[in-house]
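Reviewing the structure listed below.
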Amino acid sequence: MTHIPPPRTHDEPAPDDHLSPLLTATAARNAWIEVDLEALAANVGSVRSALEPGVELIAVVKANAYGAGAPAVAPALEAAGIERFAVVWVSEAMALRRAGVTRPVLVLGHAFAGDAAVAVSNDITLTVDSLDLGRALSAEAVAQGRTARVHLHVDSGLHREGIAPAAAIDLARQLRDLPGIVVEGLSTHMANADEPDDSFTDAQRAVFLDVARELNWIPYRHTANSATALRRSEMRFDGVRVGLALLGVLPPNTPGPPLRPVVALKAHIARVTNVAPGEGVSYGLTWRADRPSRVALVPVGYADGWPRHLGNAGEVLIGGQRCPMVGRVCMDQFLVDITNIPGVSEGDEAVLLGAQGDARITADEVAERAGTIAWDILASLQARLPRIAHRAGNVERIIEG
Ligand SMILES: *Cc1c(COP(=O)(O)O)cnc(C)c1O
C-alpha cells in the first residue's frame with residue numbers, strides 16, 4: 001500500500017539539520033521511534049499547571065530520557081522552560097551538556113571522587129554521599145576557581161540510596177566547612193509513591209522534615225517523583241523530579257492532568273506470508289494456524305527492547321486495526337496474524353506503541369500485557385531504533401541508531 005523510496009546509502013547525511021516531513025524521514029527504515037516534541041512541551045505545561053507557582057520542574061531524563069532520546073528531549077524541555085535536569089550517572093549529565101543543555105544538571109546516583117574534575121568543570125551538581133567525594137569536589141573547585149554545588153540525599157525509608165538521617169546531618173555540616181563547596185540541596189525519595197496506599201509517604205515526610213529542620217540553611221528541597229508530585233502537594237517543596245509524566249504517561253494510582261503520549265514505536269512490515277492450517281510460526285512453533293492464515297513479519301525484536309513476554313500475548317496496529325502477535329518474539333523480529341485485515345503488504349506501517357487511525361496502544365497496555373510497568377517498556381527501547389523528533393510532523397532532529 002505504501003510507496004517505499006530506495007534506501008539511503010550510508011554516505012548520505014540524515015536530514016537532521018533541517019525540517020523534513022516525518023514520512024520522508026521514516027520511509028526507508030525497518031523500525032523507528034517517533035518523539036513528539038509538541039506533546040512533550042504540552043505535558044510540561046500540563047504538569048506545571050498542577051503545581052503551585054514557584055515549584056520548579058526538575059526533568060528526570062535518566063536512561064536516555066526513558067528511551068525517548070536524551071539529546072533530542074532535553075533541549076526541547078529546556079526550551080519549554082524546565083528549570084533543572086536530573087540523571088543518575090555522571091556520564092548522562094555529560095551527555096546533556098554535550099547536547100547543549102545549560103540549566104543545572106543534578107546527578108542522583110552514586111559518583112566517585114574520580115568524577116570530581118569533570119563535574120566541577122561542566123557545572124554538574126553531584127549528590128554527595130561521602131566526605132571523600134566532598135573533599136575531592138572541594139579540591140577541584142579550589143583548583144579550578146569555581147564553586148561545586150552539591151546535594152545530599154536522605155534515606156527516609158526506601159533503603160536504596162542516600163544517607164541515614166543522623167549521618168546526613170553530620171555530613172552536611174562537614175561539607176559546609178569545605179572551601180569551594182555550596183550545599184545547595186536536600187532530597188529524599190518515596191518508597192510507595194504510586195501504590196494504592198501511599199501512607200508510608202507520611203512517615204518518610206516526617207523523617208525528612210526532621211533532617212531539614214536541623215539543616216535549615218540548605219536552601220533547596222526536593223522529594224517527589226511524578227506520582228508523589230501529583231498526589232501529594234505537601235511533598236513538592238522547592239522542586240519536583242518528574243520523569244514519566246513528561247512523556248505523557250501517568251503512574252499507577254495517580255490522578256493527573258490530561259497528558260499526551262510523546263513516544264511512538266513504528267515499523268514497516270518486512271514480509272507477508274500464508275500459513276496453512278496446522279502449520280506453526282517462529283521458534284518452538286508455539287502458535288499454529290487453525291484456518292488458512294496470513295502473517296506479517298515485523299522487524300522489531302527483544303534486542304530492540306520489545307518484550308519477549310509479548311509472544312502470543314501482545315497486539316500491534318496494522319491498517320488501523322489490532323492484530324495479535326503470534327509465536328515467540330525473536331531477537332530482531334516477530335509475527336502478527338493479519339488474516340482479518342485484507343490487503344496488507346510489505347512496507348505497510350505497523351504501530352507497536354502509539355496511534356494509527358482511531359486505535360491506540362499505550363505504554364500502560366504494553367506493560368500490562370508484558371507483566372511489567374510503563375517505565376520498563378519505555379526505558380528498554382534500545383539504541384538501534386532511530387529517534388525521530390518532530391513537531392506536528394516536521395522533523396527537527398534524527399538520532400541514528
Ligand atoms: C527515576 C526517578 C525519578 C523520576 O520518577 P518518575 O516516576 O519517572 O517521575 C525521581 N526521583 C528519583 C530519585 C528517581 O530515581
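Following the order of the C-alpha cells, chains are lettered A, B, ..., residues in each are numbered from 1, and ligands are numbered from 1.
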**Request:** With only C-alpha atoms and all ligand atoms counted, collect every polymer residue having an atom within 6 Å of ligand 1; state the result as a PyMOL selection string.
**Result:** chain A and resi 60+189+225-226+241-244
Export, as a PDB file, in the first residue's frame, the selected residues with N, CA, C and O atoms.
ATOM      1  N   VAL A  60      13.484  14.607  34.901  1.00  0.00           N
ATOM      2  CA  VAL A  60      14.343  13.429  35.066  1.00  0.00           C
ATOM      3  C   VAL A  60      14.493  12.780  33.693  1.00  0.00           C
ATOM      4  O   VAL A  60      13.524  12.274  33.122  1.00  0.00           O
ATOM      5  N   HIS A 189      13.452  10.228  48.614  1.00  0.00           N
ATOM      6  CA  HIS A 189      12.692   9.558  47.554  1.00  0.00           C
ATOM      7  C   HIS A 189      11.716   8.579  48.206  1.00  0.00           C
ATOM      8  O   HIS A 189      12.082   7.879  49.143  1.00  0.00           O
ATOM      9  N   ASN A 225       8.723  12.305  42.985  1.00  0.00           N
ATOM     10  CA  ASN A 225       8.721  11.862  41.585  1.00  0.00           C
ATOM     11  C   ASN A 225       7.351  12.214  40.983  1.00  0.00           C
ATOM     12  O   ASN A 225       6.563  12.936  41.610  1.00  0.00           O
ATOM     13  N   SER A 226       7.035  11.689  39.794  1.00  0.00           N
ATOM     14  CA  SER A 226       5.762  12.046  39.158  1.00  0.00           C
ATOM     15  C   SER A 226       4.582  11.773  40.081  1.00  0.00           C
ATOM     16  O   SER A 226       3.710  12.636  40.277  1.00  0.00           O
ATOM     17  N   ARG A 241      10.783  16.137  40.908  1.00  0.00           N
ATOM     18  CA  ARG A 241      11.590  15.383  39.942  1.00  0.00           C
ATOM     19  C   ARG A 241      10.662  14.522  39.094  1.00  0.00           C
ATOM     20  O   ARG A 241      10.292  13.420  39.477  1.00  0.00           O
ATOM     21  N   VAL A 242      10.319  15.031  37.930  1.00  0.00           N
ATOM     22  CA  VAL A 242       9.294  14.376  37.123  1.00  0.00           C
ATOM     23  C   VAL A 242       9.919  13.749  35.876  1.00  0.00           C
ATOM     24  O   VAL A 242      10.606  14.423  35.109  1.00  0.00           O
ATOM     25  N   GLY A 243       9.694  12.461  35.704  1.00  0.00           N
ATOM     26  CA  GLY A 243      10.151  11.759  34.510  1.00  0.00           C
ATOM     27  C   GLY A 243       8.976  11.295  33.673  1.00  0.00           C
ATOM     28  O   GLY A 243       8.603  11.885  32.670  1.00  0.00           O
ATOM     29  N   LEU A 244       8.321  10.226  34.140  1.00  0.00           N
ATOM     30  CA  LEU A 244       7.294   9.547  33.355  1.00  0.00           C
ATOM     31  C   LEU A 244       6.186  10.483  32.865  1.00  0.00           C
ATOM     32  O   LEU A 244       5.766  10.406  31.705  1.00  0.00           O
TER      33      LEU A 244
END
**Message:** Env of range 85-90 of chain A: 7 Å cut, atoms = only C-alpha atoms, seq-sep filter 2 positions within chain, self excluded. Answer as a ChimeraX atom specification.
**Reply:** /A:58-62,92-94,104-109,111
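Taking only C-alpha atoms into account, Val295 in chain A lies nearest to A:Gly327 out of the set A:Pro307, A:Gly314, A:Gly327, A:Pro251.
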**Item:** Spatial neighbours of Ala119 in chain A, max dist 9 Å, only C-alpha atoms, sep filter under 2 positions, as a list in words
**Value:**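 Listing them by chain and then by number gives Val90, Ala93, Met94, Asp115, Ala116, Ala117, Ser121, Asn122, Asp123, Ile124, Thr125, Leu126, Leu137 and Ala148 of chain A.
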**Length of the CA of Arg384 in chain A to CA of Ser282 in chain A vector [Å]** = 22.2 Å
**Backbone-only DSSP, strand (DSSP E) members of range 222-340 of chain A, as a PyMOL selection string** = chain A and resi 222+239-242+263-268+271-275+280-281+287-288+293-298+315-318+321-326+334-337
**Message:** Can you pull out the residues contacting Asp238 in chain A? Cut-off 10 Å, using only C-alpha atoms, and skip same-chain residues under 4 positions away; I want them as a ChimeraX atom specification.
**Reply:** /A:54-58,185,219-223
**Request:** Pick out the residues sitting within 6 Å of range 350-363 of chain A, and hand them over as a ChimeraX atom specification; count only C-alpha atoms, and ignore anything fewer than 5 positions along from it in its own chain.
**Result:** /A:264-268,316-318,320,374
**Prompt:** Quick one: residues within 10 Å of Met190 in chain A, only C-alpha atoms counted, chain neighbours fewer than 5 positions away excluded, as a PyMOL selection string?
**Reply:** chain A and resi 155-159+198+200-205+223-225+227-228+235
File dump, residues just selected, C-alpha atoms, as a PDB file, in the first residue's frame:
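Generated file (again-v7.pdb):
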ATOM      1  CA  ASP A 155      17.383   7.771  53.252  1.00  0.00           C
ATOM      2  CA  SER A 156      13.940   8.280  54.750  1.00  0.00           C
ATOM      3  CA  GLY A 157      12.797   4.673  54.378  1.00  0.00           C
ATOM      4  CA  LEU A 158      13.292   3.420  50.828  1.00  0.00           C
ATOM      5  CA  HIS A 159      16.656   1.978  51.871  1.00  0.00           C
ATOM      6  CA  ASP A 198       0.819   5.670  49.832  1.00  0.00           C
ATOM      7  CA  PHE A 200       4.173   5.455  54.104  1.00  0.00           C
ATOM      8  CA  THR A 201       4.893   8.796  52.406  1.00  0.00           C
ATOM      9  CA  ASP A 202       3.715  10.430  55.649  1.00  0.00           C
ATOM     10  CA  ALA A 203       6.320   8.535  57.647  1.00  0.00           C
ATOM     11  CA  GLN A 204       9.046   9.441  55.149  1.00  0.00           C
ATOM     12  CA  ARG A 205       7.942  13.070  55.211  1.00  0.00           C
ATOM     13  CA  THR A 223      11.320  14.733  47.445  1.00  0.00           C
ATOM     14  CA  ALA A 224       8.733  13.970  44.754  1.00  0.00           C
ATOM     15  CA  ASN A 225       8.721  11.862  41.585  1.00  0.00           C
ATOM     16  CA  ALA A 227       3.355  10.172  41.420  1.00  0.00           C
ATOM     17  CA  THR A 228       4.279  11.994  44.625  1.00  0.00           C
ATOM     18  CA  MET A 235       5.744  16.943  49.248  1.00  0.00           C
TER      19      MET A 235
END
What parts of range 90-171 of chain A does DSSP call helix (DSSP H, G or I)? I'd like the answer as a tab-separated table (two decimals) with C-alpha atoms, in the first residue's frame.
chain	number	residue	atom	x	y	z
A	90	VAL	CA	27.75	11.41	35.62
A	91	SER	CA	28.16	10.26	32.01
A	92	GLU	CA	24.48	11.03	31.43
A	93	ALA	CA	24.99	14.53	32.78
A	94	MET	CA	27.94	14.98	30.41
A	95	ALA	CA	25.74	13.88	27.50
A	96	LEU	CA	23.24	16.62	28.42
A	97	ARG	CA	25.99	19.24	28.42
A	98	ARG	CA	27.18	17.95	25.03
A	113	ALA	CA	35.93	11.02	43.78
A	114	GLY	CA	37.38	10.50	40.30
A	115	ASP	CA	34.31	12.23	38.85
A	116	ALA	CA	35.05	15.48	40.68
A	117	ALA	CA	37.11	17.13	37.91
A	118	VAL	CA	34.53	16.73	35.13
A	119	ALA	CA	31.68	17.54	37.48
A	120	VAL	CA	33.24	20.84	38.52
A	121	SER	CA	34.41	21.87	35.04
A	131	LEU	CA	33.17	13.09	52.88
A	132	ASP	CA	35.77	11.67	50.45
A	133	LEU	CA	33.71	12.79	47.48
A	134	GLY	CA	33.09	16.15	49.15
A	135	ARG	CA	36.83	16.65	49.68
A	136	ALA	CA	37.60	15.72	46.07
A	137	LEU	CA	34.99	18.23	44.85
A	138	SER	CA	36.33	20.89	47.18
A	139	ALA	CA	39.90	20.40	45.95
A	140	GLU	CA	38.77	20.58	42.32
A	141	ALA	CA	36.61	23.63	42.93
A	142	VAL	CA	39.52	25.46	44.55
A	143	ALA	CA	41.95	24.36	41.80
A	144	GLN	CA	39.56	25.42	39.03
A	165	PRO	CA	19.22	10.84	58.89
A	166	ALA	CA	21.78	11.40	61.66
A	167	ALA	CA	24.73	10.72	59.36
A	168	ALA	CA	23.26	13.06	56.75
A	169	ILE	CA	23.17	15.89	59.30
A	170	ASP	CA	26.82	15.25	60.22
A	171	LEU	CA	27.97	15.05	56.61
**Request:** Find the spatial neighbours of Pro257 in chain A, counting only C-alpha atoms, within a cut-off of 8 Å - ignore same-chain residues fewer than 4 positions away - and output them as a PyMOL selection string.
**Result:** chain A and resi 46-47+50
**Request:** Provide the CA of Ile218 in chain A to CA of Leu77 in chain A distance in Å, to one decimal place.
**Result:**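 Separation between CA of Ile218 in chain A and CA of Leu77 in chain A: 26.7 Å.
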**Which of A:Leu250, A:Val128, A:Ala212, A:Ala392 sits closest to Gln174 in chain A [using only C-alpha atoms]** =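 Nearest candidate to Gln174 in chain A out of A:Leu250, A:Val128, A:Ala212, A:Ala392: A:Val128.
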**Request:** Would you please work out which residue, of A:Gln333, A:Asn394, A:Ser345, A:Ser187, is nearest to Gly239 in chain A when using only C-alpha atoms?
**Result:** A:Ser187
**Message:** I'd like the interatomic distance between CA of Ala245 in chain A and CA of Arg391 in chain A, to a tenth of an Å.
**Reply:**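 A separation of 18.8 Å between them.
Comparing A:Gly284, A:Cys323, A:Ile82, A:Thr147 by their smallest distance to Glu184 in chain A, the closest is A:Thr147 (using only C-alpha atoms).
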Can you list every residue of range 192-306 of chain A that has an atom at most 9 Å from range 339-342 of chain A, with its nearest atom pair and the distance in Å to one decimal, using only C-alpha atoms, ordered by chain then number, as a Markdown table?
| residue | atom | partner | partner_atom | distance |
| --- | --- | --- | --- | --- |
| A:Asn274 | CA | A:Thr339 | CA | 9.0 |
| A:Pro292 | CA | A:Thr339 | CA | 8.1 |
| A:Ser293 | CA | A:Thr339 | CA | 5.2 |
| A:Arg294 | CA | A:Thr339 | CA | 4.8 |
| A:Val295 | CA | A:Thr339 | CA | 6.9 |
**Complete:** Restricting to only C-alpha atoms, whichever of A:Ile163, A:Leu152, A:Leu259, A:Ala229 is closest to Val182 in chain A is A:Leu152
